[in-house]
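The file structure20.cif comes next; it holds mmCIF, C-alpha atoms.
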```
data_my_file
loop_
_atom_site.label_atom_id
_atom_site.label_comp_id
_atom_site.auth_asym_id
_atom_site.auth_seq_id
_atom_site.Cartn_x
_atom_site.Cartn_y
_atom_site.Cartn_z
CA MET N 1 63.69 111.64 240.77
CA ASN N 2 63.19 111.85 237.02
CA VAL N 3 59.91 113.71 237.54
CA LEU N 4 61.98 116.81 237.90
CA LYS N 5 63.87 116.60 234.67
CA ARG N 6 64.30 120.08 233.32
CA TRP N 7 63.25 120.75 229.83
CA HIS N 8 65.65 122.81 227.72
CA ARG N 9 64.40 125.22 225.15
CA PRO N 10 65.64 124.38 221.67
CA GLU N 11 65.17 127.90 220.35
CA LEU N 12 68.02 129.22 222.47
CA THR N 13 70.52 127.13 220.52
CA ALA N 14 69.36 128.83 217.36
CA ALA N 15 70.15 132.31 218.67
CA PRO N 16 73.61 133.37 217.47
CA THR N 17 74.55 134.85 220.87
CA PHE N 18 74.19 131.51 222.53
CA GLY N 19 75.64 129.40 219.76
CA ARG N 20 79.23 129.34 220.90
CA LEU N 21 78.25 128.63 224.49
CA PHE N 22 76.80 125.25 223.75
CA SER N 23 78.98 122.27 223.29
CA LEU N 24 78.17 119.16 221.36
CA ARG N 25 77.95 117.32 224.65
CA ASP N 26 75.17 119.59 225.87
CA GLU N 27 73.29 118.93 222.67
CA LEU N 28 73.61 115.17 223.11
CA ASP N 29 72.62 115.37 226.77
CA ARG N 30 69.54 117.24 225.79
CA LEU N 31 68.67 114.73 223.10
CA PHE N 32 68.69 111.88 225.59
CA ASP N 33 66.84 113.86 228.22
CA THR N 34 63.82 114.02 225.99
CA SER N 35 61.61 110.98 226.21
CA PHE N 36 59.30 109.98 223.37
CA GLY N 37 56.30 110.99 225.41
CA ASP N 38 57.47 114.58 225.34
CA TRP N 39 57.64 114.62 221.55
CA ASN N 40 53.99 113.70 221.27
CA ARG N 41 52.86 116.57 223.40
CA GLY N 42 53.76 118.90 220.60
CA SER N 43 53.95 122.62 220.47
CA GLN N 44 52.35 123.31 223.82
CA GLN N 45 55.33 121.67 225.50
CA LEU N 46 57.73 123.77 223.46
CA SER N 47 56.26 127.04 224.56
CA GLN N 48 56.29 126.26 228.25
CA TRP N 49 58.34 127.90 230.89
CA ASN N 50 60.12 125.45 233.18
CA PRO N 51 61.77 127.43 235.97
CA ALA N 52 64.71 125.76 237.72
CA VAL N 53 63.86 123.87 240.92
CA ASP N 54 66.32 122.89 243.65
CA LEU N 55 65.55 120.53 246.54
CA PHE N 56 67.50 120.60 249.80
CA GLU N 57 67.20 118.46 252.90
CA ASP N 58 68.49 118.97 256.42
CA LYS N 59 67.58 117.41 259.76
CA GLU N 60 64.45 119.49 260.30
CA ASN N 61 63.20 120.57 256.90
CA LEU N 62 62.94 119.98 253.23
CA THR N 63 63.52 123.16 251.25
CA VAL N 64 62.43 123.75 247.68
CA LYS N 65 63.79 126.74 245.79
CA VAL N 66 62.37 127.89 242.48
CA GLU N 67 63.87 130.61 240.28
CA LEU N 68 60.96 132.87 239.44
CA PRO N 69 62.23 136.32 238.51
CA GLY N 70 59.77 139.16 238.26
CA LEU N 71 56.52 137.63 239.45
CA LYS N 72 53.89 139.11 241.69
CA VAL N 73 53.20 137.19 244.89
CA GLU N 74 49.53 136.90 243.95
CA ASP N 75 50.49 135.17 240.70
CA ILE N 76 52.23 132.28 242.46
CA ASN N 77 50.21 129.24 243.54
CA ILE N 78 51.63 126.59 245.83
CA SER N 79 49.81 123.39 246.76
CA LEU N 80 50.70 120.21 248.58
CA ASN N 81 48.82 117.08 247.74
CA GLU N 82 49.78 113.58 248.96
CA GLY N 83 53.49 114.24 249.19
CA THR N 84 53.71 116.20 245.93
CA LEU N 85 54.45 119.90 246.05
CA SER N 86 53.12 121.80 243.06
CA ILE N 87 54.09 125.34 242.17
CA SER N 88 52.39 127.12 239.35
CA GLY N 89 51.87 130.66 238.22
CA GLU N 90 52.08 133.13 235.47
CA ARG N 91 54.38 135.88 234.36
CA LYS N 92 52.46 138.52 232.50
CA SER N 93 53.72 140.26 229.41
CA GLU N 94 54.71 143.87 229.75
CA GLU N 95 51.96 145.98 228.34
CA LYS N 96 54.03 149.05 229.00
CA PHE N 97 56.26 148.14 226.07
CA ALA N 98 53.54 146.84 223.77
CA ASN N 99 54.06 149.74 221.38
CA ALA N 100 57.82 150.02 221.78
CA GLU N 101 60.18 148.49 219.30
CA THR N 102 61.46 145.18 220.63
CA TYR N 103 65.07 144.24 219.92
CA ARG N 104 65.26 141.17 222.09
CA ALA N 105 62.59 139.13 223.81
CA GLU N 106 64.33 136.22 225.48
CA ARG N 107 62.53 136.30 228.80
CA PHE N 108 59.64 133.92 229.32
CA VAL N 109 56.08 135.05 229.45
CA GLY N 110 53.15 132.86 230.40
CA HIS N 111 52.23 129.98 232.63
CA PHE N 112 54.47 127.51 234.35
CA GLN N 113 53.85 124.48 236.51
CA ARG N 114 56.41 122.40 238.38
CA SER N 115 55.84 119.47 240.72
CA VAL N 116 58.20 117.90 243.20
CA VAL N 117 57.63 114.48 244.79
CA LEU N 118 58.86 114.96 248.34
CA PRO N 119 61.21 112.26 249.58
CA THR N 120 59.90 112.34 253.19
CA PRO N 121 56.54 113.07 254.83
CA VAL N 122 56.09 116.72 255.90
CA LYS N 123 53.80 118.65 258.23
CA ALA N 124 51.42 120.12 255.70
CA ASP N 125 50.03 122.72 258.09
CA GLN N 126 53.44 124.23 258.85
CA VAL N 127 54.72 124.82 255.33
CA LYS N 128 56.10 128.32 254.76
CA ALA N 129 56.90 130.13 251.55
CA GLN N 130 58.98 133.23 250.98
CA TYR N 131 59.71 135.17 247.81
CA THR N 132 62.98 137.12 247.78
CA ASP N 133 65.09 138.44 244.89
CA GLY N 134 63.08 136.45 242.40
CA VAL N 135 63.59 133.14 244.18
CA LEU N 136 60.69 131.35 245.84
CA THR N 137 61.75 129.34 248.90
CA VAL N 138 59.29 126.81 250.30
CA THR N 139 60.22 125.36 253.70
CA LEU N 140 58.51 122.09 254.59
CA PRO N 141 59.10 120.81 258.15
CA LYS N 142 59.50 117.06 258.32
CA THR N 143 57.18 114.96 260.44
CA GLU N 144 58.66 113.59 263.68
CA ALA N 145 58.75 110.09 262.19
CA ALA N 146 60.83 111.28 259.25
CA LYS N 147 63.49 113.07 261.31
CA PRO N 148 66.78 111.26 261.90
CA LYS N 149 67.14 109.66 265.31
CA GLN N 150 70.19 109.09 267.41
CA ILE N 151 70.44 105.49 268.56
CA GLN N 152 72.18 104.82 271.81
CA VAL N 153 74.50 101.82 271.86
CA ASN N 154 74.31 99.93 275.15
CA VAL N 155 77.17 97.88 276.44
CA ALA N 156 75.96 94.44 277.41
CA MET Z 1 69.22 129.75 231.22
CA THR Z 2 71.26 126.76 230.23
CA ALA Z 3 74.22 128.60 228.79
CA ILE Z 4 77.36 128.70 230.87
CA ASN Z 5 80.00 131.03 229.67
CA THR Z 6 83.55 130.03 230.48
CA GLU Z 7 85.26 132.92 228.82
CA ASN Z 8 87.72 134.88 230.83
CA PRO Z 9 86.75 138.54 231.08
CA LYS Z 10 89.64 140.93 231.04
CA SER Z 11 88.67 142.92 234.09
CA ALA Z 12 87.81 141.90 237.63
CA ILE Z 13 89.06 138.34 237.38
CA CYS Z 14 92.72 138.73 236.46
CA THR Z 15 94.49 139.71 239.65
CA PRO Z 16 98.19 139.04 240.18
CA GLU Z 17 97.31 136.49 242.86
CA SER Z 18 94.67 134.52 241.00
CA LYS Z 19 96.45 134.59 237.61
CA CYS Z 20 93.27 134.76 235.56
CA ALA Z 21 91.50 131.76 236.97
CA PRO Z 22 88.77 130.66 234.54
CA ARG Z 23 85.39 131.45 235.98
CA GLN Z 24 82.00 130.30 234.88
CA PHE Z 25 79.11 132.59 234.19
CA VAL Z 26 75.51 132.17 233.21
CA THR Z 27 74.15 134.37 230.43
CA PRO Z 28 70.94 135.97 231.68
CA GLU Z 29 67.93 136.28 229.41
CA VAL Z 30 67.13 139.85 228.42
CA ASN Z 31 64.45 141.90 226.74
CA ILE Z 32 65.43 145.13 225.03
CA TYR Z 33 62.92 147.75 223.98
CA GLU Z 34 63.36 151.07 222.26
CA THR Z 35 61.07 153.94 223.06
CA LYS Z 36 61.31 157.48 221.75
CA ASP Z 37 63.25 158.57 224.85
CA GLY Z 38 65.72 155.74 224.95
CA TYR Z 39 66.21 152.04 225.48
CA VAL Z 40 64.98 149.80 228.26
CA LEU Z 41 66.83 146.59 229.09
CA LYS Z 42 65.32 143.97 231.37
CA ALA Z 43 67.34 141.00 232.55
CA ASP Z 44 66.31 137.96 234.56
CA LEU Z 45 68.73 137.55 237.43
CA PRO Z 46 67.00 135.33 239.99
CA GLY Z 47 68.88 135.19 243.28
CA VAL Z 48 70.65 138.51 242.79
CA SER Z 49 69.94 141.37 245.17
CA LYS Z 50 70.84 145.03 244.79
CA ALA Z 51 74.14 144.44 246.58
CA GLY Z 52 75.10 141.60 244.24
CA LEU Z 53 74.88 143.69 241.10
CA ASP Z 54 77.93 145.05 239.40
CA ILE Z 55 77.22 147.18 236.34
CA THR Z 56 80.18 148.79 234.64
CA LEU Z 57 80.53 150.99 231.61
CA GLU Z 58 83.80 151.05 229.75
CA GLY Z 59 83.70 153.16 226.62
CA ASN Z 60 80.68 151.83 224.77
CA GLU Z 61 80.69 148.48 226.51
CA LEU Z 62 78.18 147.86 229.27
CA THR Z 63 78.90 144.85 231.46
CA ILE Z 64 76.33 143.42 233.83
CA ILE Z 65 77.57 141.03 236.49
CA GLY Z 66 75.19 139.56 239.04
CA HIS Z 67 76.47 137.68 242.04
CA ARG Z 68 74.01 135.24 243.53
CA ASN Z 69 73.22 135.37 247.20
CA ALA Z 70 75.06 132.56 248.87
CA GLY Z 71 72.26 130.33 250.13
CA ASN Z 72 72.14 129.50 253.81
CA SER Z 73 72.00 125.80 253.01
CA VAL Z 74 75.10 123.98 254.10
CA GLN Z 75 73.82 120.69 252.81
CA PRO Z 76 74.36 119.80 249.18
CA PRO Z 77 71.04 119.73 247.34
CA LEU Z 78 69.25 116.43 246.78
CA TYR Z 79 68.31 117.70 243.40
CA ARG Z 80 69.49 120.74 241.53
CA GLU Z 81 68.54 122.46 238.32
CA SER Z 82 69.72 125.99 238.97
CA LEU Z 83 73.24 126.81 237.85
CA GLY Z 84 75.18 128.14 240.78
CA ALA Z 85 77.36 130.40 238.67
CA ASP Z 86 77.12 134.18 238.67
CA TYR Z 87 75.54 136.02 235.76
CA ARG Z 88 77.42 138.01 233.19
CA ARG Z 89 76.49 139.65 229.93
CA VAL Z 90 78.12 142.39 227.89
CA PHE Z 91 76.33 144.81 225.58
CA GLU Z 92 77.62 147.31 223.11
CA LEU Z 93 75.73 150.55 223.47
CA ASP Z 94 74.30 152.78 220.81
CA PRO Z 95 76.53 155.91 220.75
CA ALA Z 96 73.33 157.98 220.98
CA ILE Z 97 72.83 156.86 224.60
CA ASP Z 98 73.51 159.48 227.19
CA THR Z 99 75.65 157.30 229.45
CA ALA Z 100 75.61 159.81 232.29
CA ARG Z 101 71.89 159.34 232.78
CA ILE Z 102 71.69 155.52 232.75
CA ASN Z 103 69.79 154.26 235.75
CA ALA Z 104 69.22 150.79 237.11
CA GLN Z 105 66.65 149.18 239.36
CA VAL Z 106 66.29 145.62 240.55
CA GLU Z 107 63.06 144.08 241.73
CA GLN Z 108 62.46 140.41 242.51
CA GLY Z 109 65.41 139.27 240.44
CA VAL Z 110 64.65 141.44 237.42
CA LEU Z 111 67.10 144.19 236.53
CA THR Z 112 65.67 147.14 234.63
CA LEU Z 113 68.14 149.49 232.97
CA HIS Z 114 66.95 152.75 231.51
CA LEU Z 115 69.30 153.99 228.81
CA PRO Z 116 68.11 157.43 227.73
CA LYS Z 117 69.09 158.87 224.37
CA SER Z 118 70.95 162.15 224.47
CA GLU Z 119 68.90 165.25 223.74
CA GLU Z 120 70.62 165.89 220.37
CA VAL Z 121 69.37 162.69 218.76
CA LYS Z 122 65.81 162.77 220.03
CA PRO Z 123 63.19 163.53 217.43
CA ARG Z 124 61.98 167.06 217.83
CA LYS Z 125 59.38 169.27 216.35
CA ILE Z 126 60.45 172.41 214.62
CA THR Z 127 58.02 175.23 214.64
CA VAL Z 128 57.90 177.44 211.62
CA THR Z 129 58.33 181.08 212.39
CA GLU Z 130 56.90 183.76 210.23
#
```
Would you mind giving the structure from this file in structure tokens?
Amino acid sequence: MNVLKRWHRPELTAAPTFGRLFSLRDELDRLFDTSFGDWNRGSQQLSQWNPAVDLFEDKENLTVKVELPGLKVEDINISLNEGTLSISGERKSEEKFANAETYRAERFVGHFQRSVVLPTPVKADQVKAQYTDGVLTVTLPKTEAAKPKQIQVNVA
Amino acid sequence: MTAINTENPKSAICTPESKCAPRQFVTPEVNIYETKDGYVLKADLPGVSKAGLDITLEGNELTIIGHRNAGNSVQPPLYRESLGADYRRVFELDPAIDTARINAQVEQGVLTLHLPKSEEVKPRKITVTE
């Protein structure tokens, strides 16, 4: 499931507020998380927003949760293509404060795109999505073939 | 949002029963703007509803704590990137802020705090009388 590897922003480590919260281990983990392919992609990669994705499974459904604070429903796009769920969208900058003095701007602005390779087949026509408290929850019902089955043991 | 804060805040956690159990917190990302009327603070707190917010003011210290909604999933996740910990961040306020008029709103996981400046410090125009 390494498709889902979360990219960590390096600029946060530079901010003094965050400095003491990072341990050397986190730094090393991050170093090894980055493949060489990512380095080549350059600055575009560095400016991207990678919201956190969680994947849950129960008997009936697969559930994908994405942390997307402060978006408008019309700015979220969800698509399902050959067992891959893609969620993309945009968080717009706040024009209201364009002329105000900015002391801190840590929150992400711009586009994001995340994809999840689903571990089981799902009923594409019955997928539901809900956006509550800044968390997008996509519920994907499994196909009958993918659901667990109880097997009866017969005594011979 | 990769920072987990393990510090032990002096209030709320240290009860005689729990004996200051260390608790983990995530530091939320914030934007702070200053307008002529005051300051506006916006914090990303995905998964926190109105009921899960705990904003306290002690002297000049503003503490924001956001408790995440406990998900209805009993199953452990197959894959997880979100940090399950609650959010916490402390700010020291400008003494010019009129603390009695601070107001807070939360919408889709974004907390907006309006911190108005007190009337005395606001820039004002003085008309010249004859």
Starting from chain N, keep only residues with some atom at most 8 Å from an atom of chain Z, counting all atoms listed in the file, and report them as number ranges by chain.
N: 6, 8, 18, 21-22, 52-58, 67-71, 97, 100-107, 131-135
Expected selection from the PyMOL selection byres ((chain N and resi 118) around 10), given as an MDAnalysis selection string
chainID N and resid 1 55 62:64 80 82:85 115:117 119:122 140
Write to file, as a tab-separated table (two decimals), keeping the file's coordinate frame, the residues of the selection just made, with C-alpha atoms.
```tsv
chain	number	residue	atom	x	y	z
N	1	MET	CA	63.69	111.64	240.77
N	55	LEU	CA	65.55	120.53	246.54
N	62	LEU	CA	62.94	119.98	253.23
N	63	THR	CA	63.52	123.16	251.25
N	64	VAL	CA	62.43	123.75	247.68
N	80	LEU	CA	50.70	120.21	248.58
N	82	GLU	CA	49.78	113.58	248.96
N	83	GLY	CA	53.49	114.24	249.19
N	84	THR	CA	53.71	116.20	245.93
N	85	LEU	CA	54.45	119.90	246.05
N	115	SER	CA	55.84	119.47	240.72
N	116	VAL	CA	58.20	117.90	243.20
N	117	VAL	CA	57.63	114.48	244.79
N	119	PRO	CA	61.21	112.26	249.58
N	120	THR	CA	59.90	112.34	253.19
N	121	PRO	CA	56.54	113.07	254.83
N	122	VAL	CA	56.09	116.72	255.90
N	140	LEU	CA	58.51	122.09	254.59
```
Expressed in Å to a single decimal, how great is the separation between CA of Gly84 in chain Z and CA of Glu94 in chain N?
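That distance, rounded to one decimal, is 28.1 Å.
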Separation of CA of Leu93 in chain Z and CA of Gly38 in chain Z, in Å?
11.4 Å
Spell out the residues picked by the PyMOL selection byres ((chain N and resi 146-153) around 8) here, as a PDB file with C-alpha atoms, in the coordinates of the input.
```
ATOM      1  CA  LYS N  59      67.580 117.410 259.760  1.00  0.00           C
ATOM      2  CA  GLU N  60      64.450 119.490 260.300  1.00  0.00           C
ATOM      3  CA  THR N 120      59.900 112.340 253.190  1.00  0.00           C
ATOM      4  CA  PRO N 121      56.540 113.070 254.830  1.00  0.00           C
ATOM      5  CA  VAL N 122      56.090 116.720 255.900  1.00  0.00           C
ATOM      6  CA  LYS N 142      59.500 117.060 258.320  1.00  0.00           C
ATOM      7  CA  THR N 143      57.180 114.960 260.440  1.00  0.00           C
ATOM      8  CA  GLU N 144      58.660 113.590 263.680  1.00  0.00           C
ATOM      9  CA  ALA N 145      58.750 110.090 262.190  1.00  0.00           C
ATOM     10  CA  ASN N 154      74.310  99.930 275.150  1.00  0.00           C
ATOM     11  CA  VAL N 155      77.170  97.880 276.440  1.00  0.00           C
TER      12      VAL N 155
END
```
Point-to-point distance from CA of Gln113 in chain N to CA of Ile87 in chain N, Å rounded to tenths
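Going from CA of Gln113 in chain N over to CA of Ile87 in chain N, I get 5.7 Å.
Compared by their closest atoms to Glu119 in chain Z, and using only C-alpha atoms, the residues Z:Thr56, Z:Thr63, Z:Thr99, Z:Gln24 rank with Z:Thr99 nearest.
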Evaluate the PyMOL selection byres ((chain N and resi 138) around 7) against this structure - the residues, as a PyMOL selection string, please.
chain N and resi 63-65+128-130+136-137+139-140
Identify which of the residues Z:Asp98, Z:Glu92, Z:Asp86, Z:Glu130 lies closest to Asp54 in chain Z, counting only C-alpha atoms when measuring atom-to-atom distances.
Z:Asp86
